[in-house]
$ cat start.txt   # compact mmCIF, C-alpha atoms
# COMPACT_ATOMS: atom_id res chain seq x y z
CA MET A 9 -103.46 34.82 -24.77
CA PRO A 10 -100.81 36.26 -22.44
CA SER A 11 -98.85 32.98 -22.10
CA LEU A 12 -98.46 32.62 -25.90
CA ARG A 13 -97.35 36.23 -26.16
CA LYS A 14 -94.88 35.62 -23.36
CA SER A 15 -93.33 32.53 -24.96
CA ARG A 16 -93.12 34.07 -28.46
CA PRO A 17 -89.74 35.77 -27.99
CA PHE A 18 -88.27 32.48 -26.74
CA ALA A 19 -89.64 30.57 -29.73
CA LEU A 20 -88.24 33.20 -32.05
CA THR A 21 -84.88 33.05 -30.28
CA LEU A 22 -84.83 29.28 -30.57
CA ALA A 23 -85.69 29.46 -34.26
CA LEU A 24 -82.99 32.05 -34.75
CA LEU A 25 -80.42 29.91 -33.01
CA VAL A 26 -81.34 26.87 -35.12
CA PHE A 27 -81.18 29.01 -38.25
CA SER A 28 -77.78 30.39 -37.26
CA GLY A 29 -76.53 26.90 -36.54
CA LEU A 30 -77.57 25.81 -40.02
CA CYS A 31 -75.95 28.91 -41.52
CA TRP A 32 -72.74 28.17 -39.64
CA ALA A 33 -72.76 24.55 -40.81
CA ALA A 34 -73.45 25.59 -44.39
CA LEU A 35 -71.02 28.49 -44.65
CA VAL A 36 -68.05 28.15 -42.34
CA PRO A 37 -65.20 26.32 -44.09
CA VAL A 38 -64.70 22.72 -43.02
CA GLU A 39 -61.43 21.75 -41.42
CA ALA A 40 -59.70 18.67 -40.09
CA ALA A 41 -57.49 18.19 -37.06
CA SER A 42 -54.70 17.21 -39.45
CA ARG A 43 -54.59 17.67 -43.19
CA ASP A 44 -51.80 15.14 -43.59
CA ALA A 45 -52.41 11.88 -45.44
CA VAL A 46 -49.40 9.87 -44.31
CA PHE A 47 -47.96 6.90 -46.19
CA GLU A 48 -44.78 5.00 -45.50
CA ILE A 49 -42.54 2.90 -47.69
CA PRO A 50 -41.69 0.13 -45.22
CA ARG A 51 -38.20 -1.15 -44.55
CA GLY A 52 -37.32 -4.02 -46.89
CA THR A 53 -39.68 -2.94 -49.69
CA SER A 54 -36.97 -2.90 -52.32
CA ALA A 55 -35.46 -6.19 -51.13
CA HIS A 56 -38.86 -7.91 -51.26
CA ARG A 57 -39.46 -6.63 -54.77
CA LEU A 58 -36.01 -7.72 -55.93
CA ALA A 59 -36.81 -11.16 -54.52
CA GLY A 60 -39.83 -11.25 -56.80
CA GLU A 61 -42.38 -10.93 -54.01
CA LYS A 62 -45.56 -8.95 -54.48
CA VAL A 63 -45.43 -5.86 -52.31
CA ASP A 64 -48.58 -3.85 -51.60
CA ILE A 65 -47.38 -0.80 -49.75
CA PHE A 66 -50.04 1.80 -50.23
CA PRO A 67 -52.85 2.23 -52.71
CA GLN A 68 -52.13 2.74 -56.37
CA THR A 69 -54.54 5.66 -56.20
CA ILE A 70 -54.61 8.05 -53.28
CA ARG A 71 -57.66 10.28 -52.86
CA LEU A 72 -57.32 13.63 -51.14
CA THR A 73 -59.77 16.45 -50.45
CA LEU A 74 -58.85 20.13 -50.55
CA GLY A 75 -59.05 21.81 -47.17
CA LEU A 76 -59.43 18.51 -45.31
CA LYS A 77 -56.80 16.00 -46.38
CA ASP A 78 -54.71 17.80 -48.93
CA VAL A 79 -51.15 17.23 -47.78
CA LEU A 80 -49.49 14.06 -48.97
CA VAL A 81 -46.79 12.89 -46.59
CA LEU A 82 -44.53 10.12 -47.75
CA ARG A 83 -41.91 8.55 -45.48
CA ASN A 84 -39.18 6.35 -46.80
CA ALA A 85 -38.42 3.80 -44.08
CA ASP A 86 -36.71 1.54 -46.61
CA ASP A 87 -32.94 1.02 -46.79
CA VAL A 88 -32.65 2.39 -50.32
CA PRO A 89 -33.72 5.64 -52.02
CA HIS A 90 -37.08 5.71 -53.78
CA ILE A 91 -38.33 8.01 -56.48
CA PHE A 92 -41.64 9.50 -55.52
CA GLY A 93 -43.01 11.54 -58.39
CA PRO A 94 -41.18 14.81 -58.31
CA THR A 95 -38.29 13.77 -56.15
CA LEU A 96 -35.87 11.21 -54.84
CA LEU A 97 -36.49 10.21 -51.23
CA ARG A 98 -33.46 9.05 -49.31
CA PRO A 99 -33.78 6.44 -46.57
CA GLY A 100 -35.29 8.03 -43.46
CA GLN A 101 -36.45 11.08 -45.37
CA THR A 102 -39.98 12.47 -45.47
CA PHE A 103 -41.57 14.38 -48.33
CA ARG A 104 -44.51 16.62 -47.48
CA LEU A 105 -46.39 17.77 -50.56
CA PRO A 106 -49.35 20.15 -50.19
CA PHE A 107 -51.98 20.35 -52.92
CA ALA A 108 -53.89 23.53 -53.68
CA THR A 109 -55.66 22.58 -56.90
CA ALA A 110 -58.23 19.87 -57.42
CA SER A 111 -56.98 17.60 -60.18
CA THR A 112 -55.58 14.16 -60.94
CA TYR A 113 -51.82 13.89 -60.58
CA ASN A 114 -49.77 11.05 -62.00
CA PHE A 115 -46.41 10.47 -60.37
CA ALA A 116 -43.60 8.04 -60.86
CA CYS A 117 -43.05 5.90 -57.78
CA THR A 118 -40.45 3.16 -57.54
CA ALA A 119 -42.19 1.73 -54.46
CA HIS A 120 -45.04 0.54 -56.68
CA PRO A 121 -44.62 -2.54 -58.87
CA ASN A 122 -45.76 -0.68 -62.00
CA GLY A 123 -43.68 2.37 -61.11
CA GLY A 124 -46.58 4.81 -60.86
CA LEU A 125 -48.87 6.49 -58.36
CA ASN A 126 -52.06 8.44 -58.97
CA VAL A 127 -53.22 11.16 -56.63
CA ILE A 128 -56.76 12.40 -57.09
CA VAL A 129 -57.40 15.68 -55.32
CA ALA A 130 -61.10 16.48 -55.05
CA PRO A 131 -62.50 19.89 -54.11
CA GLY A 132 -63.69 20.31 -50.53
CA PRO A 133 -67.42 20.59 -49.84
CA ALA A 134 -68.70 23.84 -51.34
CA PRO A 135 -70.46 26.43 -49.17
CA GLY A 136 -74.17 25.72 -48.84
CA TRP A 137 -75.88 22.41 -49.13
CA GLU A 138 -72.67 20.39 -49.74
CA ARG A 139 -71.01 21.71 -46.60
CA LEU A 140 -74.20 21.19 -44.57
CA ALA A 141 -74.53 17.61 -45.83
CA TRP A 142 -70.85 16.94 -45.11
CA ARG A 143 -71.20 18.16 -41.52
CA TRP A 144 -74.35 16.12 -41.09
CA ARG A 145 -72.53 12.98 -42.24
CA GLN A 146 -69.65 13.74 -39.86
CA LEU A 147 -72.12 14.14 -37.01
CA ALA A 148 -73.93 10.94 -37.94
CA ASN A 149 -70.63 9.04 -38.09
CA ALA A 150 -69.56 10.40 -34.73
CA VAL A 151 -72.84 9.35 -33.14
CA MET B 21 -93.74 41.74 -28.30
CA THR B 22 -92.62 44.20 -25.63
CA VAL B 23 -89.80 46.68 -26.07
CA GLY B 24 -87.68 44.67 -23.62
CA SER B 25 -88.21 41.45 -25.58
CA ARG B 26 -87.32 43.16 -28.83
CA ARG B 27 -84.10 44.48 -27.41
CA TRP B 28 -83.26 41.06 -26.07
CA LEU B 29 -83.94 39.50 -29.46
CA LEU B 30 -81.80 42.11 -31.20
CA ALA B 31 -78.97 41.40 -28.77
CA VAL B 32 -79.20 37.67 -29.56
CA VAL B 33 -79.18 38.38 -33.32
CA ALA B 34 -76.14 40.64 -32.94
CA ALA B 35 -74.32 38.04 -30.82
CA VAL B 36 -75.05 35.26 -33.33
CA LEU B 37 -73.87 37.37 -36.26
CA ALA B 38 -70.71 38.36 -34.39
CA ALA B 39 -70.01 34.73 -33.55
CA LEU B 40 -70.41 33.77 -37.23
CA VAL B 41 -68.02 36.50 -38.36
CA VAL B 42 -65.45 35.48 -35.73
CA ALA B 43 -65.77 31.80 -36.71
CA LEU B 44 -65.24 32.64 -40.39
CA PHE B 45 -62.24 34.84 -39.60
CA MET B 46 -60.65 32.24 -37.32
CA THR B 47 -61.04 29.46 -39.87
CA ARG B 48 -59.42 31.55 -42.59
CA ALA B 49 -56.60 32.68 -40.32
CA ALA B 50 -55.75 29.06 -39.55
CA GLN B 51 -54.54 28.33 -43.09
CA PRO B 52 -50.98 26.93 -43.12
CA GLN B 53 -48.28 29.36 -44.29
CA GLY B 54 -45.43 27.00 -45.23
CA LEU B 55 -43.79 26.39 -48.57
CA LYS B 56 -46.05 25.69 -51.54
CA ALA B 57 -43.54 23.14 -52.80
CA GLY B 58 -43.08 19.63 -51.43
CA VAL B 59 -40.69 19.82 -48.49
CA LEU B 60 -37.90 17.34 -47.83
CA ASP B 61 -37.31 16.53 -44.18
CA PRO B 62 -34.55 16.39 -43.24
CA PRO B 63 -33.07 18.42 -46.08
CA HIS B 64 -29.76 17.28 -47.46
CA ALA B 65 -26.91 18.91 -49.34
CA ALA B 66 -27.92 19.23 -52.98
CA PRO B 67 -25.73 16.91 -55.07
CA GLU B 68 -22.95 18.96 -56.65
CA PHE B 69 -22.17 18.85 -60.35
CA LEU B 70 -19.76 20.37 -62.84
CA LEU B 71 -21.32 21.17 -66.20
CA SER B 72 -20.70 23.54 -69.10
CA GLY B 73 -22.76 26.69 -68.86
CA SER B 74 -24.57 28.47 -71.66
CA ASP B 75 -22.55 31.56 -70.68
CA GLY B 76 -19.33 29.73 -71.55
CA SER B 77 -18.26 29.12 -67.96
CA ASP B 78 -18.44 26.12 -65.64
CA VAL B 79 -21.71 25.63 -63.83
CA THR B 80 -21.58 24.30 -60.29
CA LEU B 81 -23.91 24.77 -57.36
CA ASP B 82 -21.01 26.13 -55.35
CA ARG B 83 -20.81 29.05 -57.78
CA TYR B 84 -24.25 30.17 -56.63
CA ARG B 85 -23.85 29.66 -52.89
CA GLY B 86 -25.65 32.50 -51.15
CA LYS B 87 -28.48 32.44 -53.69
CA VAL B 88 -31.59 30.33 -53.97
CA VAL B 89 -31.11 27.98 -56.92
CA LEU B 90 -34.11 26.80 -58.91
CA LEU B 91 -32.84 23.72 -60.71
CA THR B 92 -34.82 22.19 -63.53
CA PHE B 93 -34.22 19.67 -66.31
CA GLY B 94 -35.44 19.77 -69.88
CA PHE B 95 -34.57 20.22 -73.54
CA THR B 96 -34.91 23.14 -75.89
CA HIS B 97 -37.02 21.21 -78.42
CA CYS B 98 -39.62 20.50 -75.73
CA ALA B 99 -43.01 21.60 -77.00
CA ALA B 100 -44.98 22.34 -73.84
CA VAL B 101 -43.54 21.57 -70.42
CA CYS B 102 -40.17 23.35 -70.70
CA PRO B 103 -41.45 26.60 -72.23
CA THR B 104 -44.14 26.73 -69.55
CA THR B 105 -41.65 26.10 -66.77
CA LEU B 106 -39.14 28.63 -68.05
CA ALA B 107 -41.79 31.29 -68.60
CA THR B 108 -43.11 30.67 -65.09
CA LEU B 109 -39.67 30.95 -63.52
CA ALA B 110 -38.92 34.11 -65.51
CA GLN B 111 -42.20 35.60 -64.29
CA ALA B 112 -41.40 34.58 -60.72
CA ARG B 113 -38.12 36.48 -60.91
CA LYS B 114 -40.02 39.55 -62.11
CA GLU B 115 -42.46 39.23 -59.22
CA LEU B 116 -39.57 39.06 -56.78
CA GLY B 117 -38.43 42.54 -57.83
CA ALA B 118 -35.23 43.53 -56.05
CA LYS B 119 -34.93 40.02 -54.58
CA ALA B 120 -34.56 38.53 -58.08
CA ASP B 121 -30.79 38.91 -57.81
CA SER B 122 -30.89 36.38 -54.97
CA VAL B 123 -32.20 33.68 -57.29
CA GLN B 124 -30.45 31.67 -59.99
CA VAL B 125 -32.34 29.43 -62.38
CA ILE B 126 -30.29 26.54 -63.80
CA TYR B 127 -31.71 24.58 -66.73
CA VAL B 128 -29.90 21.27 -67.22
CA THR B 129 -30.42 19.69 -70.59
CA VAL B 130 -31.55 16.09 -70.98
CA ASP B 131 -30.71 16.32 -74.69
CA PRO B 132 -26.99 17.13 -75.06
CA GLU B 133 -27.11 15.92 -78.67
CA ARG B 134 -29.06 18.99 -79.78
CA ASP B 135 -28.57 21.38 -76.86
CA SER B 136 -25.15 22.96 -77.29
CA ALA B 137 -24.17 25.72 -74.87
CA ALA B 138 -24.56 28.34 -77.61
CA HIS B 139 -27.98 27.07 -78.65
CA MET B 140 -29.18 27.02 -75.04
CA HIS B 141 -27.91 30.57 -74.56
CA ASP B 142 -30.05 31.88 -77.42
CA TYR B 143 -33.05 29.78 -76.41
CA LEU B 144 -32.99 30.82 -72.74
CA ALA B 145 -32.43 34.50 -73.51
CA ALA B 146 -35.94 34.61 -74.94
CA PHE B 147 -37.31 33.81 -71.47
CA ASP B 148 -34.85 35.55 -69.15
CA PRO B 149 -31.19 36.24 -69.96
CA SER B 150 -30.23 35.45 -66.36
CA ILE B 151 -31.27 31.80 -66.71
CA ILE B 152 -28.21 29.66 -67.23
CA GLY B 153 -28.26 26.48 -69.28
CA ALA B 154 -26.04 23.55 -68.39
CA THR B 155 -24.85 20.75 -70.59
CA GLY B 156 -22.13 18.14 -70.59
CA ALA B 157 -21.17 14.65 -71.66
CA PRO B 158 -24.13 12.21 -71.73
CA ASP B 159 -22.63 10.13 -68.90
CA THR B 160 -22.08 13.20 -66.75
CA LEU B 161 -25.63 14.38 -67.32
CA ALA B 162 -26.96 10.90 -66.54
CA THR B 163 -25.14 10.98 -63.21
CA VAL B 164 -26.63 14.37 -62.35
CA ARG B 165 -30.09 13.08 -63.19
CA ALA B 166 -29.60 9.98 -61.05
CA ASP B 167 -28.47 12.13 -58.12
CA TYR B 168 -31.74 14.05 -58.28
CA GLY B 169 -34.01 11.14 -59.16
CA VAL B 170 -34.72 12.66 -62.56
CA THR B 171 -35.74 10.44 -65.45
CA ALA B 172 -35.29 11.14 -69.15
CA VAL B 173 -36.39 8.75 -71.86
CA LYS B 174 -35.91 9.39 -75.57
CA GLU B 175 -39.13 9.01 -77.53
CA GLY B 176 -39.39 8.68 -81.28
CA THR B 177 -36.74 8.56 -83.98
CA GLY B 178 -35.36 10.95 -86.55
CA PRO B 179 -34.44 14.58 -85.99
CA ASP B 180 -37.73 15.43 -84.29
CA TYR B 181 -37.44 13.00 -81.41
CA ALA B 182 -38.67 14.06 -77.97
CA VAL B 183 -37.47 13.30 -74.47
CA ALA B 184 -39.96 12.43 -71.74
CA HIS B 185 -38.45 13.85 -68.58
CA THR B 186 -39.15 14.73 -64.97
CA SER B 187 -40.72 18.17 -64.91
CA SER B 188 -40.21 19.12 -61.26
CA ILE B 189 -38.19 22.11 -60.11
CA PHE B 190 -35.72 21.64 -57.25
CA LEU B 191 -35.42 24.42 -54.67
CA ILE B 192 -31.93 24.74 -53.21
CA ASP B 193 -31.43 27.23 -50.40
CA PRO B 194 -28.54 29.73 -50.14
CA ALA B 195 -26.57 27.22 -48.02
CA GLY B 196 -26.75 24.62 -50.80
CA MET B 197 -29.33 22.41 -49.11
CA LEU B 198 -31.99 20.74 -51.23
CA ARG B 199 -35.04 21.94 -49.34
CA ALA B 200 -38.04 21.35 -51.55
CA VAL B 201 -39.36 20.17 -54.89
CA MET B 202 -42.08 21.96 -56.83
CA PRO B 203 -44.10 19.69 -59.11
CA PHE B 204 -44.92 21.01 -62.57
CA GLY B 205 -48.03 23.14 -62.78
CA HIS B 206 -47.48 25.73 -60.07
CA ASP B 207 -47.69 29.38 -61.01
CA ALA B 208 -45.10 32.13 -60.67
CA ALA B 209 -46.64 33.43 -57.45
CA ASP B 210 -45.98 30.10 -55.74
CA PHE B 211 -42.32 30.20 -56.75
CA ALA B 212 -41.97 33.81 -55.66
CA HIS B 213 -43.58 32.90 -52.34
CA ASP B 214 -41.25 29.99 -51.69
CA VAL B 215 -38.12 31.78 -52.85
CA GLY B 216 -39.03 34.68 -50.57
CA LEU B 217 -39.30 32.29 -47.63
CA LEU B 218 -35.99 30.58 -48.44
CA ILE B 219 -34.19 33.92 -48.78
CA ALA B 220 -35.62 35.09 -45.48
CA GLN B 221 -34.55 32.01 -43.54
$ encode --input "start.txt" --output "structure tokens"
Amino acid sequence: MPSLRKSRPFALTLALLVFSGLCWAALVPVEAASRDAVFEIPRGTSAHRLAGEKVDIFPQTIRLTLGLKDVLVLRNADDVPHIFGPTLLRPGQTFRLPFATASTYNFACTAHPNGGLNVIVAPGPAPGWERLAWRWRQLANAV
Amino acid sequence: MTVGSRRWLLAVVAAVLAALVVALFMTRAAQPQGLKAGVLDPPHAAPEFLLSGSDGSDVTLDRYRGKVVLLTFGFTHCAAVCPTTLATLAQARKELGAKADSVQVIYVTVDPERDSAAHMHDYLAAFDPSIIGATGAPDTLATVRADYGVTAVKEGTGPDYAVAHTSSIFLIDPAGMLRAVMPFGHDAADFAHDVGLLIAQ
């Protein structure tokens, strides 16, 4: 069977390439174009709240993922300072807070009606099956 | 399989492995290298204050211009957060080695009722004698807290009351600009890293 013998190296090469592709998808760390999760306190937030209006600025709970979206960026576009967890944000100021540990963080936040904000930082997809499945989902979403 | 095919296959295997190693290296090299703390942009001049120091002198930020100031708030009867923070900051100074002289830790009390300058001096010496405590009149301390967005709420009654307070650490650069805020929970290495960057800038 000379033709089978001839095509064997190509089949093996193809199999090797597929295998390496799977290895790459399962092992190489995932990354995003930007790791910033940006939220803004809009202008007039404080005035609306003082007027007794319900103000939904951003979610009470923000979910982040290590290695992908793990930098919380908060912009204060309001006319007054706001306390965001660890700090006081002046009007026009931005606070960029990177997270390196998966956990649940509870912050004070005067932009929220109840004065609090939860940030849940989940671990990124682990090497192996999780990373492979994550890439597969990304591919499926893109298609 | 012929010798030629085998060589070709080996070359493909080597190329694939090399590509994988390069991909892994490139992904790791792309990690951001900024401050570990939350960064304020634009930074602003850290609000100045005049408090009584645990060393018997006045404590102002101006006194430490040229150094990185790590400013934190707490009370000496704090059971968990303050001892952890102070131990972490003391360890960070050790990790900085010769650069430790370029850092000043200021611990502002939220409990002036119990935290006299002398008491703070003895308490802080157990962590690092270079840490300076700062106290003052309740109104003065309340103004300092408001300037930094720090909250402090008395909890409980009797002599064993506690004070729930903001546990962040403020990073002030040698020019007196409030550059970043480190939330509670970071280790000494993160502080040493950020202080090193602020000194170098």
$ residues_around --input "start.txt" --residues "stretch 97-110 of chain A" --least-positions-apart "4" --cutoff "8 Å" --atoms "all atoms listed in the file" --output "list in words"
Thr73, Leu74, Asp78, Val79, Leu80, Val81, Leu82, Arg83, Asn84, Ala85, Asp86, Asp87, Val88, Pro89, His90, Ile91, Phe92, Ile128, Val129, Ala130 and Pro131 of chain A; Lys56, Ala57, Gly58, Val59, Leu60, Asp61 and Pro62 of chain B
$ residues_around --input "start.txt" --residues "stretch 141-144 of chain B" --least-positions-apart "2" --cutoff "9 Å" --atoms "all atoms listed in the file" --output "PyMOL selection string"
chain B and resi 73-75+96+106+127+136-139+146-153
$ residues_around --input "start.txt" --residues "A:Leu58" --least-positions-apart "4" --cutoff "12 Å" --atoms "only C-alpha atoms" --output "VMD selection string"
chain A and resid 52 to 54 62 to 63 118 to 119 121
$ closest_residue --input "start.txt" --among "A:Ser42, A:Thr95, A:Thr69, A:Asn122" --to "chain B" --atoms "all atoms listed in the file"
A:Thr95
$ closest_residue --input "start.txt" --among "A:Ala33, A:Leu20, A:Tyr113, A:Glu61" --to "A:Leu147" --atoms "all atoms listed in the file"
A:Ala33
$ residues_around --input "start.txt" --residues "stretch 63-65 of chain B" --least-positions-apart "5" --cutoff "7 Å" --atoms "all atoms listed in the file" --output "ChimeraX atom specification"
/B:196-199
$ closest_residue --input "start.txt" --among "A:Arg16, A:Arg51, A:His120, A:Arg139" --to "chain B" --atoms "all atoms listed in the file"
A:Arg16
$ atom_distance --input "start.txt" --atom1 "atom CA of B:Ile219" --atom2 "atom CA of B:Gly117"
13.2 Å
$ closest_residue --input "start.txt" --among "B:Ala145, B:Val88, B:Ala166, B:Leu218" --to "chain A" --atoms "all atoms listed in the file"
B:Ala166
$ residues_around --input "start.txt" --residues "B:His97" --least-positions-apart "3" --cutoff "12 Å" --atoms "all atoms listed in the file" --output "VMD selection string"
chain B and resid 94 100 to 103 129 to 135 139 to 140 143 to 144 179 to 184
$ closest_residue --input "start.txt" --among "B:Leu55, B:Leu70, B:Ala107, B:Cys98" --to "B:Thr163" --atoms "all atoms listed in the file"
B:Leu70
$ closest_residue --input "start.txt" --among "A:Phe115, A:Phe47, A:Trp144, A:Phe66" --to "chain B" --atoms "only C-alpha atoms"
A:Phe115
$ atom_distance --input "start.txt" --atom1 "atom CA of B:Asp78" --atom2 "atom CA of B:Gln124"
14.4 Å
$ decode --input "start.txt" --residues "stretch 66-124 of chain A" --atoms "C-alpha atoms" --output "PDB file, in the first residue's frame"
ATOM      1  CA  PHE A  66     -23.886  50.395  38.497  1.00  0.00           C
ATOM      2  CA  PRO A  67     -24.568  46.970  39.926  1.00  0.00           C
ATOM      3  CA  GLN A  68     -24.586  46.392  43.651  1.00  0.00           C
ATOM      4  CA  THR A  69     -22.318  43.440  42.966  1.00  0.00           C
ATOM      5  CA  ILE A  70     -19.522  43.581  40.438  1.00  0.00           C
ATOM      6  CA  ARG A  71     -18.018  40.304  39.251  1.00  0.00           C
ATOM      7  CA  LEU A  72     -14.417  40.192  38.075  1.00  0.00           C
ATOM      8  CA  THR A  73     -12.162  37.383  36.885  1.00  0.00           C
ATOM      9  CA  LEU A  74      -8.455  37.170  37.641  1.00  0.00           C
ATOM     10  CA  GLY A  75      -6.282  37.524  34.572  1.00  0.00           C
ATOM     11  CA  LEU A  76      -9.176  38.646  32.388  1.00  0.00           C
ATOM     12  CA  LYS A  77     -11.169  41.430  34.023  1.00  0.00           C
ATOM     13  CA  ASP A  78      -9.433  42.082  37.289  1.00  0.00           C
ATOM     14  CA  VAL A  79      -8.940  45.833  37.348  1.00  0.00           C
ATOM     15  CA  LEU A  80     -11.811  47.869  38.703  1.00  0.00           C
ATOM     16  CA  VAL A  81     -11.869  51.370  37.261  1.00  0.00           C
ATOM     17  CA  LEU A  82     -14.210  53.866  38.830  1.00  0.00           C
ATOM     18  CA  ARG A  83     -14.692  57.358  37.431  1.00  0.00           C
ATOM     19  CA  ASN A  84     -16.401  60.070  39.364  1.00  0.00           C
ATOM     20  CA  ALA A  85     -18.171  62.289  36.817  1.00  0.00           C
ATOM     21  CA  ASP A  86     -20.399  63.724  39.546  1.00  0.00           C
ATOM     22  CA  ASP A  87     -20.059  67.252  40.923  1.00  0.00           C
ATOM     23  CA  VAL A  88     -19.320  66.091  44.462  1.00  0.00           C
ATOM     24  CA  PRO A  89     -16.776  63.707  46.008  1.00  0.00           C
ATOM     25  CA  HIS A  90     -17.806  60.094  46.548  1.00  0.00           C
ATOM     26  CA  ILE A  91     -16.384  57.510  48.885  1.00  0.00           C
ATOM     27  CA  PHE A  92     -15.546  54.362  47.024  1.00  0.00           C
ATOM     28  CA  GLY A  93     -14.435  51.695  49.456  1.00  0.00           C
ATOM     29  CA  PRO A  94     -10.873  52.477  50.312  1.00  0.00           C
ATOM     30  CA  THR A  95     -10.814  56.054  49.154  1.00  0.00           C
ATOM     31  CA  LEU A  96     -12.462  59.368  48.481  1.00  0.00           C
ATOM     32  CA  LEU A  97     -12.897  60.146  44.791  1.00  0.00           C
ATOM     33  CA  ARG A  98     -12.960  63.803  43.897  1.00  0.00           C
ATOM     34  CA  PRO A  99     -15.035  65.053  40.962  1.00  0.00           C
ATOM     35  CA  GLY A 100     -13.297  64.154  37.703  1.00  0.00           C
ATOM     36  CA  GLN A 101     -10.994  61.682  39.401  1.00  0.00           C
ATOM     37  CA  THR A 102     -10.493  58.045  38.446  1.00  0.00           C
ATOM     38  CA  PHE A 103      -9.562  55.215  40.780  1.00  0.00           C
ATOM     39  CA  ARG A 104      -7.937  52.157  39.223  1.00  0.00           C
ATOM     40  CA  LEU A 105      -7.832  49.205  41.595  1.00  0.00           C
ATOM     41  CA  PRO A 106      -6.181  45.951  40.484  1.00  0.00           C
ATOM     42  CA  PHE A 107      -7.093  42.684  42.191  1.00  0.00           C
ATOM     43  CA  ALA A 108      -4.627  39.828  42.569  1.00  0.00           C
ATOM     44  CA  THR A 109      -6.533  37.518  44.903  1.00  0.00           C
ATOM     45  CA  ALA A 110      -9.805  35.763  44.269  1.00  0.00           C
ATOM     46  CA  SER A 111     -12.193  36.715  47.054  1.00  0.00           C
ATOM     47  CA  THR A 112     -15.292  38.727  47.894  1.00  0.00           C
ATOM     48  CA  TYR A 113     -14.623  42.343  48.792  1.00  0.00           C
ATOM     49  CA  ASN A 114     -17.126  44.579  50.524  1.00  0.00           C
ATOM     50  CA  PHE A 115     -16.601  48.293  50.070  1.00  0.00           C
ATOM     51  CA  ALA A 116     -18.366  51.390  51.235  1.00  0.00           C
ATOM     52  CA  CYS A 117     -19.729  53.403  48.316  1.00  0.00           C
ATOM     53  CA  THR A 118     -21.706  56.607  48.693  1.00  0.00           C
ATOM     54  CA  ALA A 119     -22.906  56.324  45.086  1.00  0.00           C
ATOM     55  CA  HIS A 120     -25.104  53.397  46.093  1.00  0.00           C
ATOM     56  CA  PRO A 121     -28.351  53.975  47.984  1.00  0.00           C
ATOM     57  CA  ASN A 122     -27.409  51.495  50.723  1.00  0.00           C
ATOM     58  CA  GLY A 123     -23.853  52.807  50.882  1.00  0.00           C
ATOM     59  CA  GLY A 124     -22.149  49.560  49.919  1.00  0.00           C
TER      60      GLY A 124
END
